[in-house]
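So this one's work.pdb, PDB, C-alpha atoms, pLDDT in the B column:
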ATOM      1  CA  ASN K   1       0.000   0.000   0.000  1.00 63.00           C
ATOM      2  CA  HIS K   2       3.002   2.292  -0.019  1.00 74.00           C
ATOM      3  CA  ARG K   3       2.694   4.346  -3.164  1.00 80.00           C
ATOM      4  CA  ASP K   4       2.630   7.952  -4.246  1.00 86.00           C
ATOM      5  CA  ARG K   5      -0.772   9.604  -3.919  1.00 86.00           C
ATOM      6  CA  THR K   6      -2.269  12.943  -4.762  1.00 90.00           C
ATOM      7  CA  ILE K   7      -4.565  13.887  -1.889  1.00 91.00           C
ATOM      8  CA  ASP K   8      -6.614  17.062  -1.785  1.00 93.00           C
ATOM      9  CA  PRO K   9      -6.403  18.894   1.543  1.00 94.00           C
ATOM     10  CA  PRO K  10      -9.393  18.517   3.889  1.00 96.00           C
ATOM     11  CA  THR K  11     -12.242  20.959   3.327  1.00 96.00           C
ATOM     12  CA  LEU K  12     -13.466  20.560   6.918  1.00 97.00           C
ATOM     13  CA  SER K  13     -11.576  21.649   9.988  1.00 97.00           C
ATOM     14  CA  VAL K  14     -10.992  19.128  12.741  1.00 96.00           C
ATOM     15  CA  GLU K  15     -13.400  21.172  14.901  1.00 97.00           C
ATOM     16  CA  ASP K  16     -16.172  20.805  12.308  1.00 97.00           C
ATOM     17  CA  ALA K  17     -15.480  17.067  11.978  1.00 97.00           C
ATOM     18  CA  GLN K  18     -15.714  16.670  15.771  1.00 97.00           C
ATOM     19  CA  LYS K  19     -19.358  17.726  15.567  1.00 96.00           C
ATOM     20  CA  SER K  20     -20.107  14.382  13.853  1.00 96.00           C
ATOM     21  CA  VAL K  21     -18.802  12.400  16.836  1.00 97.00           C
ATOM     22  CA  ASN K  22     -21.442  11.216  19.281  1.00 97.00           C
ATOM     23  CA  PRO K  23     -21.470  13.685  22.192  1.00 96.00           C
ATOM     24  CA  ASN K  24     -21.565  10.771  24.656  1.00 96.00           C
ATOM     25  CA  LEU K  25     -18.020   9.859  23.600  1.00 98.00           C
ATOM     26  CA  LYS K  26     -15.059  11.681  25.138  1.00 98.00           C
ATOM     27  CA  ILE K  27     -12.440  12.498  22.494  1.00 98.00           C
ATOM     28  CA  GLN K  28      -8.911  11.604  23.647  1.00 98.00           C
ATOM     29  CA  SER K  29      -7.002  12.444  20.468  1.00 98.00           C
ATOM     30  CA  GLN K  30      -7.446  13.134  16.780  1.00 97.00           C
ATOM     31  CA  LYS K  31      -5.371  12.885  13.623  1.00 97.00           C
ATOM     32  CA  VAL K  32      -5.764  12.717   9.863  1.00 97.00           C
ATOM     33  CA  ALA K  33      -5.988   9.183   8.455  1.00 96.00           C
ATOM     34  CA  LEU K  34      -6.372   7.659   4.997  1.00 95.00           C
ATOM     35  CA  ILE K  35      -8.623   4.598   5.278  1.00 95.00           C
ATOM     36  CA  PRO K  36      -9.620   1.962   2.713  1.00 92.00           C
ATOM     37  CA  THR K  37     -13.196   1.705   1.467  1.00 88.00           C
ATOM     38  CA  SER K  38     -15.073  -1.423   0.473  1.00 84.00           C
ATOM     39  CA  GLY K  39     -14.681  -0.429  -3.192  1.00 81.00           C
ATOM     40  CA  LYS K  40     -10.864  -0.694  -3.027  1.00 81.00           C
ATOM     41  CA  ASN K  41     -10.533   3.073  -2.868  1.00 88.00           C
ATOM     42  CA  GLU K  42      -9.379   5.303  -0.050  1.00 93.00           C
ATOM     43  CA  VAL K  43     -10.931   8.236   1.764  1.00 96.00           C
ATOM     44  CA  LEU K  44      -9.272  10.977   3.789  1.00 97.00           C
ATOM     45  CA  THR K  45     -10.699  11.102   7.312  1.00 98.00           C
ATOM     46  CA  TYR K  46     -10.180  12.490  10.744  1.00 98.00           C
ATOM     47  CA  GLU K  47      -9.567   9.666  13.206  1.00 98.00           C
ATOM     48  CA  PHE K  48     -10.899  10.310  16.702  1.00 98.00           C
ATOM     49  CA  LEU K  49      -9.820   8.061  19.558  1.00 98.00           C
ATOM     50  CA  THR K  50     -12.682   8.193  22.043  1.00 98.00           C
ATOM     51  CA  ASN K  51     -13.753   6.657  25.347  1.00 97.00           C
ATOM     52  CA  THR K  52     -17.203   5.744  26.601  1.00 96.00           C
ATOM     53  CA  ASP K  53     -18.249   6.489  30.172  1.00 96.00           C
ATOM     54  CA  LYS K  54     -17.485   2.796  30.919  1.00 95.00           C
ATOM     55  CA  GLY K  55     -13.916   3.016  29.605  1.00 93.00           C
ATOM     56  CA  GLN K  56     -14.437   1.299  26.221  1.00 96.00           C
ATOM     57  CA  GLN K  57     -12.142   2.783  23.562  1.00 97.00           C
ATOM     58  CA  ILE K  58     -13.670   3.489  20.160  1.00 98.00           C
ATOM     59  CA  LEU K  59     -12.117   4.830  16.957  1.00 98.00           C
ATOM     60  CA  VAL K  60     -14.449   7.072  14.951  1.00 98.00           C
ATOM     61  CA  TYR K  61     -13.513   8.012  11.371  1.00 98.00           C
ATOM     62  CA  VAL K  62     -15.143  11.127   9.910  1.00 98.00           C
ATOM     63  CA  ASN K  63     -14.812  12.037   6.221  1.00 98.00           C
ATOM     64  CA  ALA K  64     -12.556  15.112   5.977  1.00 98.00           C
ATOM     65  CA  TYR K  65     -14.591  16.509   3.051  1.00 97.00           C
ATOM     66  CA  THR K  66     -18.221  15.730   3.910  1.00 97.00           C
ATOM     67  CA  GLY K  67     -18.241  15.407   7.699  1.00 97.00           C
ATOM     68  CA  MET K  68     -20.042  12.061   7.385  1.00 97.00           C
ATOM     69  CA  GLU K  69     -19.072   9.175   9.623  1.00 96.00           C
ATOM     70  CA  GLU K  70     -17.142   6.613   7.570  1.00 96.00           C
ATOM     71  CA  GLU K  71     -16.342   3.903  10.104  1.00 96.00           C
ATOM     72  CA  ILE K  72     -16.437   3.018  13.809  1.00 97.00           C
ATOM     73  CA  LEU K  73     -14.093   0.452  15.356  1.00 97.00           C
ATOM     74  CA  LEU K  74     -14.203  -0.905  18.902  1.00 97.00           C
ATOM     75  CA  LEU K  75     -10.751  -1.475  20.388  1.00 96.00           C
ATOM     76  CA  VAL K  76     -10.430  -4.774  22.249  1.00 94.00           C
ATOM     77  CA  LYS K  77      -7.360  -5.310  24.434  1.00 90.00           C
ATOM     78  CA  THR K  78      -6.158  -8.919  24.604  1.00 91.00           C
ATOM     79  CA  PRO K  79      -3.007 -10.557  26.022  1.00 92.00           C
ATOM     80  CA  ASP K  80      -1.683 -10.652  22.449  1.00 92.00           C
ATOM     81  CA  GLY K  81      -2.304  -6.969  21.683  1.00 92.00           C
ATOM     82  CA  VAL K  82      -5.110  -4.657  20.612  1.00 90.00           C
ATOM     83  CA  LEU K  83      -7.725  -5.858  18.127  1.00 90.00           C
ATOM     84  CA  THR K  84     -10.492  -3.974  16.363  1.00 90.00           C
ATOM     85  CA  LYS K  85     -14.049  -5.118  16.087  1.00 88.00           C
TER      86      LYS K  85
END
File written out as structure tokens:
Amino acid sequence: NHRDRTIDPPTLSVEDAQKSVNPNLKIQSQKVALIPTSGKNEVLTYEFLTNTDKGQQILVYVNAYTGMEEEILLLVKTPDGVLTK
């Protein structure tokens, strides 16, 4: 997956993208991430690492152009490392 890409800069600010994250989730960190889509393409997103009130960690990916939620992944800690679900 390492190849040259031409990526347009985000049209949304990280603050605008945060508005798409469920307000019940506490945002711990954010960064820009390029994620694969089911159609073998990629989409530029903001990745938000969040916590629930019960301590569950969740990654929320918000499209950096549309502000729409692209993907949500639950982080599961195991003795062998961290898995996503």
Can you work out which one of K:Gly39, K:Gln18, K:Phe48, K:Gln56 has the shortest atom-to-atom distance to Ile72 of chain K, counting all atoms listed in the file?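 Of K:Gly39, K:Gln18, K:Phe48, K:Gln56, the one nearest Ile72 of chain K, counting all atoms listed in the file, is K:Phe48.
Taking atom CA of Lys26 of chain K and atom CA of Pro79 of chain K as the two end points, the separation is 25.3 Å.
For the pair atom CA of Lys85 of chain K and atom CA of Asn63 of chain K, the separation is 19.8 Å.
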Selected residue of minimal separation from Arg5 of chain K among K:Thr50, K:Gln30, K:Asn24, K:Asn41, counting only C-alpha atoms: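 For Arg5 of chain K, the nearest of the given residues is K:Asn41.
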Taking into account all atoms listed in the file, which residue in the set K:Ser13, K:Thr84, K:Asn51, K:Thr78 is nearest to Ile27 of chain K?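 Using all atoms listed in the file, the shortest distance to Ile27 of chain K belongs to K:Asn51.
Taking atom CA of Leu34 of chain K and atom CA of Gln57 of chain K as the two end points, the separation is 20.0 Å.
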Which one is closest to Asn22 of chain K: K:Thr66, K:Thr52, K:Ser38, K:Thr6? Count all atoms listed in the file. K:Thr52
Selected residue of minimal separation from Asp16 of chain K among K:Ser29, K:Tyr46, K:Gly81, K:Gly55, counting all atoms listed in the file: K:Tyr46
Starting from the sparse input, extend segment 53-64 of chain K to all heavy atoms and give the output as a short mmCIF file (atom, residue, chain, number, x, y, z; two decimals), in the frame of the given file.
data_model
loop_
_atom_site.label_atom_id
_atom_site.label_comp_id
_atom_site.auth_asym_id
_atom_site.auth_seq_id
_atom_site.Cartn_x
_atom_site.Cartn_y
_atom_site.Cartn_z
N ASP K 53 -18.24 6.26 28.72
CA ASP K 53 -18.25 6.49 30.17
C ASP K 53 -17.88 5.23 30.95
O ASP K 53 -17.56 5.29 32.13
CB ASP K 53 -19.59 7.05 30.65
CG ASP K 53 -20.76 6.14 30.32
OD1 ASP K 53 -20.59 5.12 29.62
OD2 ASP K 53 -21.89 6.47 30.75
N LYS K 54 -17.87 4.07 30.27
CA LYS K 54 -17.48 2.80 30.92
C LYS K 54 -16.05 2.39 30.58
O LYS K 54 -15.63 1.29 30.90
CB LYS K 54 -18.45 1.69 30.52
CG LYS K 54 -19.86 1.95 31.04
CD LYS K 54 -20.80 0.84 30.71
CE LYS K 54 -22.17 1.20 31.26
NZ LYS K 54 -23.15 0.19 31.00
N GLY K 55 -15.32 3.27 29.89
CA GLY K 55 -13.92 3.02 29.60
C GLY K 55 -13.62 2.29 28.30
O GLY K 55 -12.47 2.02 28.00
N GLN K 56 -14.64 1.96 27.52
CA GLN K 56 -14.44 1.30 26.22
C GLN K 56 -13.83 2.31 25.24
O GLN K 56 -14.32 3.42 25.12
CB GLN K 56 -15.76 0.79 25.66
CG GLN K 56 -15.67 0.23 24.25
CD GLN K 56 -14.89 -1.06 24.16
OE1 GLN K 56 -15.20 -2.01 24.84
NE2 GLN K 56 -13.89 -1.09 23.32
N GLN K 57 -12.75 1.91 24.57
CA GLN K 57 -12.14 2.78 23.56
C GLN K 57 -12.75 2.50 22.20
O GLN K 57 -12.93 1.34 21.81
CB GLN K 57 -10.63 2.59 23.51
CG GLN K 57 -9.92 3.18 24.70
CD GLN K 57 -8.43 3.21 24.50
OE1 GLN K 57 -7.83 2.21 24.12
NE2 GLN K 57 -7.82 4.36 24.75
N ILE K 58 -13.05 3.58 21.48
CA ILE K 58 -13.67 3.49 20.16
C ILE K 58 -12.96 4.45 19.22
O ILE K 58 -12.71 5.61 19.58
CB ILE K 58 -15.17 3.84 20.23
CG1 ILE K 58 -15.89 2.89 21.18
CG2 ILE K 58 -15.80 3.83 18.85
CD1 ILE K 58 -17.33 3.26 21.45
N LEU K 59 -12.64 3.96 18.01
CA LEU K 59 -12.12 4.83 16.96
C LEU K 59 -13.27 5.24 16.05
O LEU K 59 -14.03 4.39 15.58
CB LEU K 59 -11.07 4.10 16.11
CG LEU K 59 -9.72 3.84 16.77
CD1 LEU K 59 -8.86 2.96 15.87
CD2 LEU K 59 -9.01 5.14 17.08
N VAL K 60 -13.41 6.54 15.83
CA VAL K 60 -14.45 7.07 14.95
C VAL K 60 -13.74 7.78 13.80
O VAL K 60 -12.90 8.65 14.03
CB VAL K 60 -15.38 8.06 15.70
CG1 VAL K 60 -16.43 8.62 14.76
CG2 VAL K 60 -16.02 7.38 16.90
N TYR K 61 -14.10 7.40 12.56
CA TYR K 61 -13.51 8.01 11.37
C TYR K 61 -14.56 8.88 10.69
O TYR K 61 -15.62 8.40 10.31
CB TYR K 61 -13.02 6.93 10.40
CG TYR K 61 -11.86 6.15 10.96
CD1 TYR K 61 -12.05 4.99 11.69
CD2 TYR K 61 -10.56 6.59 10.77
CE1 TYR K 61 -10.99 4.28 12.22
CE2 TYR K 61 -9.48 5.89 11.28
CZ TYR K 61 -9.70 4.74 12.01
OH TYR K 61 -8.64 4.05 12.53
N VAL K 62 -14.23 10.16 10.52
CA VAL K 62 -15.14 11.13 9.91
C VAL K 62 -14.51 11.64 8.62
O VAL K 62 -13.34 12.07 8.61
CB VAL K 62 -15.42 12.31 10.87
CG1 VAL K 62 -16.29 13.36 10.21
CG2 VAL K 62 -16.07 11.80 12.16
N ASN K 63 -15.28 11.58 7.52
CA ASN K 63 -14.81 12.04 6.22
C ASN K 63 -14.35 13.49 6.32
O ASN K 63 -15.09 14.35 6.80
CB ASN K 63 -15.94 11.88 5.20
CG ASN K 63 -15.51 12.14 3.79
OD1 ASN K 63 -15.01 13.21 3.47
ND2 ASN K 63 -15.73 11.16 2.92
N ALA K 64 -13.15 13.78 5.86
CA ALA K 64 -12.56 15.11 5.98
C ALA K 64 -13.13 16.11 4.97
O ALA K 64 -12.79 17.29 5.03
CB ALA K 64 -11.04 15.02 5.81
#
